[in-house]
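Data first, discussion second: the structure below is written as structure tokens.
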Amino acid sequence: MKIEIKNEIAALAARTEEELAPRFREIDETALYNQQKTLQAFIDHRIGANHFNPTTGYGYDDAGRDALDAVYAQVFGSEDALVRHNIVNGTHCLAIALFAVLRPGDTLLAVTGKPYDTLEEVIGISGEGGGSLKEFGVNYAEVPLVGGRPDYEGIGRALKPGVKAVIIQRSKGYDWRDSIGVEEIGRIIRLVREISPETVCIVDNCYGEFTERLEPTQVGADLAVGSLIKNPGGGLAQTGGYIAGREKYVRLAAFRQTCPGLGKEVGATLGQNRFMYQGLFMAPHAVAQSLKSAALCAGIMEKLGFEVNPRPLDPRRDIIQAVKFGSEEKLVKFIQAIQCASPVDSFALPLPWDMPGYRHQVIMAAGTFVSGASVELSADAPIKPPYVGFVQGGLTYESAKIAIMYAAGEVM
């Protein structure tokens with residue numbers, strides 16, 4: 001199949017790029033700041049080729065593993081970090097953090113509305129069996145968003161004795177709302193500290209890393225967690241996740257990830273270190289490419305009459321672009337077109353299916369070099385009204401631009 005861009009769409013894209021020039025400059029400035037911060041961490045910790053050497057078995061004295069933890073801690077402005085290739089995704093990472101901190105009788109409070117779908121069974125909101133927090137006697141409460149924003153009065157009322165941890169979800173997930181920026185995360189944390197100083201603040205940082213100059217751990221978060229096949233892996237990490245934050249909570253997370261008494265001292269890296277180091281180094285640039293791609297998508301789709309969130313010139317707090325298609329037919333067609341214009345599996349035809357961990361059928365375009373890598377160009381959506389598609393990633397702006405223009409032409 002030949003990828004052909006319609007002339008009308010190419011003209012729309014050119015006009016959109018002109019309008020986006022000021023936003024693109026801001027994105028580049030943020031990328032430069034984050035690149036310098038990351039480079040400095042590599043230099044300060046004297047990263048050398050020896051840190052890429054693989055270990056096997058128990059993985060005792062893995063210098064690369066330990067130095068990578070230290071580099072992440074510096075980049076995220078935190079006391080410590082746990083970065084492991086055998087954390088399978090963001091949900092796994094969050095589960096490790098939650099089970100590390102919470103004990104029977106404690107309450108977990110979600111302060112940015114219902115968490116992402118795949119966390120429901122971890123918490124025990126849905127599903128039966130499997131060892132959820134609920135089965136271990138952990139209570140759950142949530143404060144819904146009001147008009148898509150945190151309800152500060154509601155959070156204040158909900159911070160009752162027994163609330164051991166709050167969880168803040170930075171990205172919009174599959175909701176039609178603004179993502180939450182670091183400044184607002186800091187405001188939520190300050191409120192929690194004022195009312196309940198001992199409550200642990202955990203941030204689901206997925207999709208948000210390097211989109212701003214600060215990370216949640218730099219505005220008071222006790223733990224921030226994310227997936228390496230999203231932003232911080234830079235498109236090179238083949239798998240993995242990170243947990244950054246206060247040393248005592250990272251230590252508990254390490255005990256949960258391996259076992260009490262061993263924690264961070266074990267875990268063979270099996271040759272994955274180089275991918276994780278190089279991916280982190282590339283991440284500020286990869287995220288900038290993704291942000292530009294998302295802004296272009298917003299501009300083109302809005303000009304075609306679709307509602308988008310965020311709008312083209314809005315500040316961006318994560319790499320996700322939501323587009324409201326209004327019909328299942330247009331939604332499916334757009335996502336299938338993204339797959340067709342992907343470098344891997346372009347011949348595959350995505351169809352809605354019962355994806356594990358989701359309440360509705362999901363359609364997903366992921367023609368990526370790393371399976372499921374959201375920092376590479378991908379698009380997905382739950383099949384439910386008003387049929388919102390979520391586009392994210394784009395390791396190179398040029399390739400993402402081609403795919404977005406092609407997909408837009410299919411639904412114009």
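By convention in this document, the chains of the structure tokens carry letters A, B, ... by their order, each chain's residues are numbered from 1, and ligands are numbered from 1 in the order they are shown.
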Which polymer residues have any atom within 12 Å of an atom of segment 116-131 of chain A, counting only C-alpha atoms, with same-chain residues fewer than 2 positions away left out, as a PyMOL selection string?
-> chain A and resi 89-99+102+107-110+112-114+133-142+167-175+204-206+355-362+382
If we count only C-alpha atoms, what is near Ala341 of chain A at a cut-off of 8 Å, once residues fewer than 6 positions away on the same chain are taken out, given as an MDAnalysis selection string?
-> chainID A and resid 3 402:403 406
Quick one: everything within 10 Å of Phe281 of chain A, counting only C-alpha atoms, minus sequence neighbours fewer than 4 positions away in the same chain. Send it as an MDAnalysis selection string.
-> chainID A and resid 34:39 41:42 232:234 236 275:277 285:286
Neighbour list for Tyr242 of chain A as a PyMOL selection string, cut-off 9 Å, only C-alpha atoms, skip fewer than 4 positions in-chain = chain A and resi 69+72+81-85+87+90+93+224-228+232
Store the residues picked out above in a file with N, CA and C atoms, as a PDB file, in the first residue's frame.
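Result written to result19.pdb:
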```pdb
ATOM      1  N   ASP A  69      20.076   3.647  39.005  1.00  0.00           N
ATOM      2  CA  ASP A  69      19.189   4.139  40.072  1.00  0.00           C
ATOM      3  C   ASP A  69      19.609   5.544  40.505  1.00  0.00           C
ATOM      4  N   TYR A  72      18.786   8.218  37.778  1.00  0.00           N
ATOM      5  CA  TYR A  72      17.354   8.533  37.806  1.00  0.00           C
ATOM      6  C   TYR A  72      17.015   9.420  39.003  1.00  0.00           C
ATOM      7  N   ALA A  81      15.943   5.949  43.759  1.00  0.00           N
ATOM      8  CA  ALA A  81      15.123   5.446  42.657  1.00  0.00           C
ATOM      9  C   ALA A  81      15.360   3.957  42.488  1.00  0.00           C
ATOM     10  N   LEU A  82      14.364   3.297  41.947  1.00  0.00           N
ATOM     11  CA  LEU A  82      14.418   1.870  41.621  1.00  0.00           C
ATOM     12  C   LEU A  82      14.058   1.755  40.146  1.00  0.00           C
ATOM     13  N   VAL A  83      15.012   1.323  39.305  1.00  0.00           N
ATOM     14  CA  VAL A  83      14.788   1.211  37.862  1.00  0.00           C
ATOM     15  C   VAL A  83      15.082  -0.230  37.464  1.00  0.00           C
ATOM     16  N   ARG A  84      14.068  -0.937  36.982  1.00  0.00           N
ATOM     17  CA  ARG A  84      14.254  -2.365  36.709  1.00  0.00           C
ATOM     18  C   ARG A  84      13.598  -2.769  35.405  1.00  0.00           C
ATOM     19  N   HIS A  85      14.313  -3.598  34.636  1.00  0.00           N
ATOM     20  CA  HIS A  85      13.776  -4.061  33.360  1.00  0.00           C
ATOM     21  C   HIS A  85      12.646  -5.052  33.561  1.00  0.00           C
ATOM     22  N   ILE A  87      10.120  -4.839  35.599  1.00  0.00           N
ATOM     23  CA  ILE A  87       8.812  -4.238  35.869  1.00  0.00           C
ATOM     24  C   ILE A  87       8.119  -4.161  34.519  1.00  0.00           C
ATOM     25  N   GLY A  90       3.398   0.226  33.484  1.00  0.00           N
ATOM     26  CA  GLY A  90       3.094   1.240  34.480  1.00  0.00           C
ATOM     27  C   GLY A  90       2.184   0.735  35.573  1.00  0.00           C
ATOM     28  N   CYS A  93       4.168  -1.166  38.017  1.00  0.00           N
ATOM     29  CA  CYS A  93       4.950  -0.225  38.814  1.00  0.00           C
ATOM     30  C   CYS A  93       4.105   0.385  39.929  1.00  0.00           C
ATOM     31  N   ALA A 224       7.056   8.809  42.661  1.00  0.00           N
ATOM     32  CA  ALA A 224       6.549   8.984  41.298  1.00  0.00           C
ATOM     33  C   ALA A 224       6.938   7.742  40.523  1.00  0.00           C
ATOM     34  N   VAL A 225       6.007   7.206  39.760  1.00  0.00           N
ATOM     35  CA  VAL A 225       6.271   5.945  39.075  1.00  0.00           C
ATOM     36  C   VAL A 225       5.898   6.062  37.604  1.00  0.00           C
ATOM     37  N   GLY A 226       6.563   5.255  36.778  1.00  0.00           N
ATOM     38  CA  GLY A 226       6.257   5.268  35.360  1.00  0.00           C
ATOM     39  C   GLY A 226       6.867   4.092  34.628  1.00  0.00           C
ATOM     40  N   SER A 227       6.527   3.988  33.367  1.00  0.00           N
ATOM     41  CA  SER A 227       6.949   2.885  32.506  1.00  0.00           C
ATOM     42  C   SER A 227       8.067   3.326  31.592  1.00  0.00           C
ATOM     43  N   LEU A 228       9.032   2.461  31.353  1.00  0.00           N
ATOM     44  CA  LEU A 228      10.149   2.782  30.471  1.00  0.00           C
ATOM     45  C   LEU A 228       9.799   2.636  28.995  1.00  0.00           C
ATOM     46  N   PRO A 232      10.306   7.955  29.612  1.00  0.00           N
ATOM     47  CA  PRO A 232      11.709   7.921  30.041  1.00  0.00           C
ATOM     48  C   PRO A 232      12.560   6.868  29.365  1.00  0.00           C
TER      49      PRO A 232
END
```
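Considering the residues A:Gln278, A:Thr368, A:Thr217, A:Ser399 and counting only C-alpha atoms, Gln74 of chain A has its shortest atom-to-atom contact with A:Thr217.
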Where in segment 98-156 of chain A does DSSP assign strand (DSSP E), given as an mmCIF file with N, CA and C atoms, in the first residue's frame?
```cif
data_model
loop_
_atom_site.group_PDB
_atom_site.id
_atom_site.type_symbol
_atom_site.label_atom_id
_atom_site.label_comp_id
_atom_site.auth_asym_id
_atom_site.auth_seq_id
_atom_site.Cartn_x
_atom_site.Cartn_y
_atom_site.Cartn_z
ATOM 1 N N THR A 107 -6.278 3.259 54.286
ATOM 2 C CA THR A 107 -7.140 3.720 53.194
ATOM 3 C C THR A 107 -6.293 4.377 52.114
ATOM 4 N N LEU A 108 -6.585 4.006 50.877
ATOM 5 C CA LEU A 108 -6.004 4.659 49.714
ATOM 6 C C LEU A 108 -7.030 5.634 49.177
ATOM 7 N N LEU A 109 -6.622 6.886 48.976
ATOM 8 C CA LEU A 109 -7.526 7.918 48.479
ATOM 9 C C LEU A 109 -7.053 8.394 47.109
ATOM 10 N N ALA A 110 -7.889 8.216 46.093
ATOM 11 C CA ALA A 110 -7.602 8.746 44.759
ATOM 12 C C ALA A 110 -8.151 10.166 44.699
ATOM 13 N N ASN A 139 -8.690 -0.227 52.402
ATOM 14 C CA ASN A 139 -9.893 0.493 52.002
ATOM 15 C C ASN A 139 -9.585 1.458 50.864
ATOM 16 N N TYR A 140 -10.637 1.860 50.177
ATOM 17 C CA TYR A 140 -10.453 2.755 49.030
ATOM 18 C C TYR A 140 -11.532 3.827 49.008
ATOM 19 N N ALA A 141 -11.116 5.045 48.679
ATOM 20 C CA ALA A 141 -12.051 6.147 48.482
ATOM 21 C C ALA A 141 -11.517 7.028 47.374
ATOM 22 N N GLU A 142 -12.395 7.798 46.759
ATOM 23 C CA GLU A 142 -11.929 8.692 45.697
ATOM 24 C C GLU A 142 -12.691 10.007 45.737
#
```
Can you pull out every residue within 9 Å of Arg65 of chain A, counting only C-alpha atoms, but drop anything in the same chain fewer than 3 positions away, and send it as a short mmCIF file (atom, residue, chain, number, x, y, z; two decimals) with N, CA and C atoms, in the first residue's frame?
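File written: result09.cif
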```cif
data_model
loop_
_atom_site.label_atom_id
_atom_site.label_comp_id
_atom_site.auth_asym_id
_atom_site.auth_seq_id
_atom_site.Cartn_x
_atom_site.Cartn_y
_atom_site.Cartn_z
N HIS A 51 29.33 0.17 32.80
CA HIS A 51 27.98 0.12 33.37
C HIS A 51 26.98 -0.60 32.47
N PHE A 52 27.39 -0.90 31.23
CA PHE A 52 26.49 -1.60 30.32
C PHE A 52 26.68 -3.11 30.38
N ASP A 61 26.17 -6.95 43.17
CA ASP A 61 27.20 -5.97 42.79
C ASP A 61 27.11 -5.56 41.32
N ASP A 62 25.91 -5.39 40.82
CA ASP A 62 25.72 -4.92 39.46
C ASP A 62 25.90 -3.41 39.45
N LEU A 68 22.45 3.36 37.56
CA LEU A 68 21.24 3.82 36.88
C LEU A 68 20.21 4.34 37.88
N ASP A 69 20.08 3.65 39.01
CA ASP A 69 19.19 4.14 40.07
C ASP A 69 19.61 5.54 40.51
N ALA A 70 20.91 5.74 40.65
CA ALA A 70 21.43 7.04 41.12
C ALA A 70 21.20 8.13 40.07
N VAL A 83 15.01 1.32 39.31
CA VAL A 83 14.79 1.21 37.86
C VAL A 83 15.08 -0.23 37.46
N ARG A 84 14.07 -0.94 36.98
CA ARG A 84 14.25 -2.37 36.71
C ARG A 84 13.60 -2.77 35.40
N GLY A 267 19.11 -8.80 41.49
CA GLY A 267 18.39 -8.58 40.25
C GLY A 267 19.34 -8.45 39.08
N ALA A 268 19.54 -9.54 38.36
CA ALA A 268 20.44 -9.51 37.20
C ALA A 268 19.85 -8.63 36.10
N THR A 269 20.72 -7.92 35.39
CA THR A 269 20.25 -6.99 34.36
C THR A 269 20.22 -7.59 32.96
N ASN A 273 20.93 -2.95 30.53
CA ASN A 273 21.37 -1.65 31.03
C ASN A 273 21.59 -0.61 29.94
#
```
Taking only residues of segment 164-261 of chain A that have an atom at most 9 Å from an atom of segment 289-309 of chain A, what is each one's shortest atom pair and its distance in Å to one decimal, using only C-alpha atoms, in chain and number order, as CSV?
```
residue,atom,partner,partner_atom,distance
A:Trp176,CA,A:Asn309,CA,7.3
A:Arg177,CA,A:Asn309,CA,7.2
A:Asp178,CA,A:Asn309,CA,7.0
A:Thr211,CA,A:Leu291,CA,7.7
```
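A straight line drawn from atom CA of Pro104 of chain A to atom CA of Ser78 of chain A is 27.7 Å long.
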Within 10 Å of Glu19 of chain A using only C-alpha atoms, minus same-chain residues under 5 positions, as a compact mmCIF listing (two decimals) with N, CA and C atoms, in the first residue's frame:
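In the end it all went to out22.txt:
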```
# COMPACT_ATOMS: atom_id res chain seq x y z
N ALA A 13 -1.77 21.09 7.26
CA ALA A 13 -0.60 20.82 8.11
C ALA A 13 0.39 21.98 8.04
N ALA A 14 0.61 22.50 6.84
CA ALA A 14 1.56 23.61 6.68
C ALA A 14 1.07 24.84 7.43
N PHE A 24 6.19 25.36 19.49
CA PHE A 24 7.31 24.49 19.18
C PHE A 24 8.61 25.03 19.81
N LEU A 296 0.50 19.09 16.44
CA LEU A 296 0.14 19.07 15.02
C LEU A 296 -1.16 18.31 14.81
N GLY A 299 -4.04 20.45 15.84
CA GLY A 299 -4.32 21.53 14.90
C GLY A 299 -5.02 21.05 13.64
N PRO A 312 -4.60 23.03 20.12
CA PRO A 312 -3.25 23.11 19.55
C PRO A 312 -2.25 23.96 20.34
N LEU A 313 -2.65 25.14 20.81
CA LEU A 313 -1.72 26.04 21.48
C LEU A 313 -1.76 25.93 23.00
```
If you run DSSP over the backbone, which residues in segment 54-139 of chain A end up helix (DSSP H, G or I)? Put them as a ChimeraX atom specification.
-> /A:63-75,90-101,117-123,134-136
Within 12 Å of Arg157 of chain A, counting only C-alpha atoms, which residues show up once you throw out same-chain ones fewer than 3 positions away? Write them as a ChimeraX atom specification, please.
-> /A:109,111,141-143,151-154,160-161,163,191-192,195-196
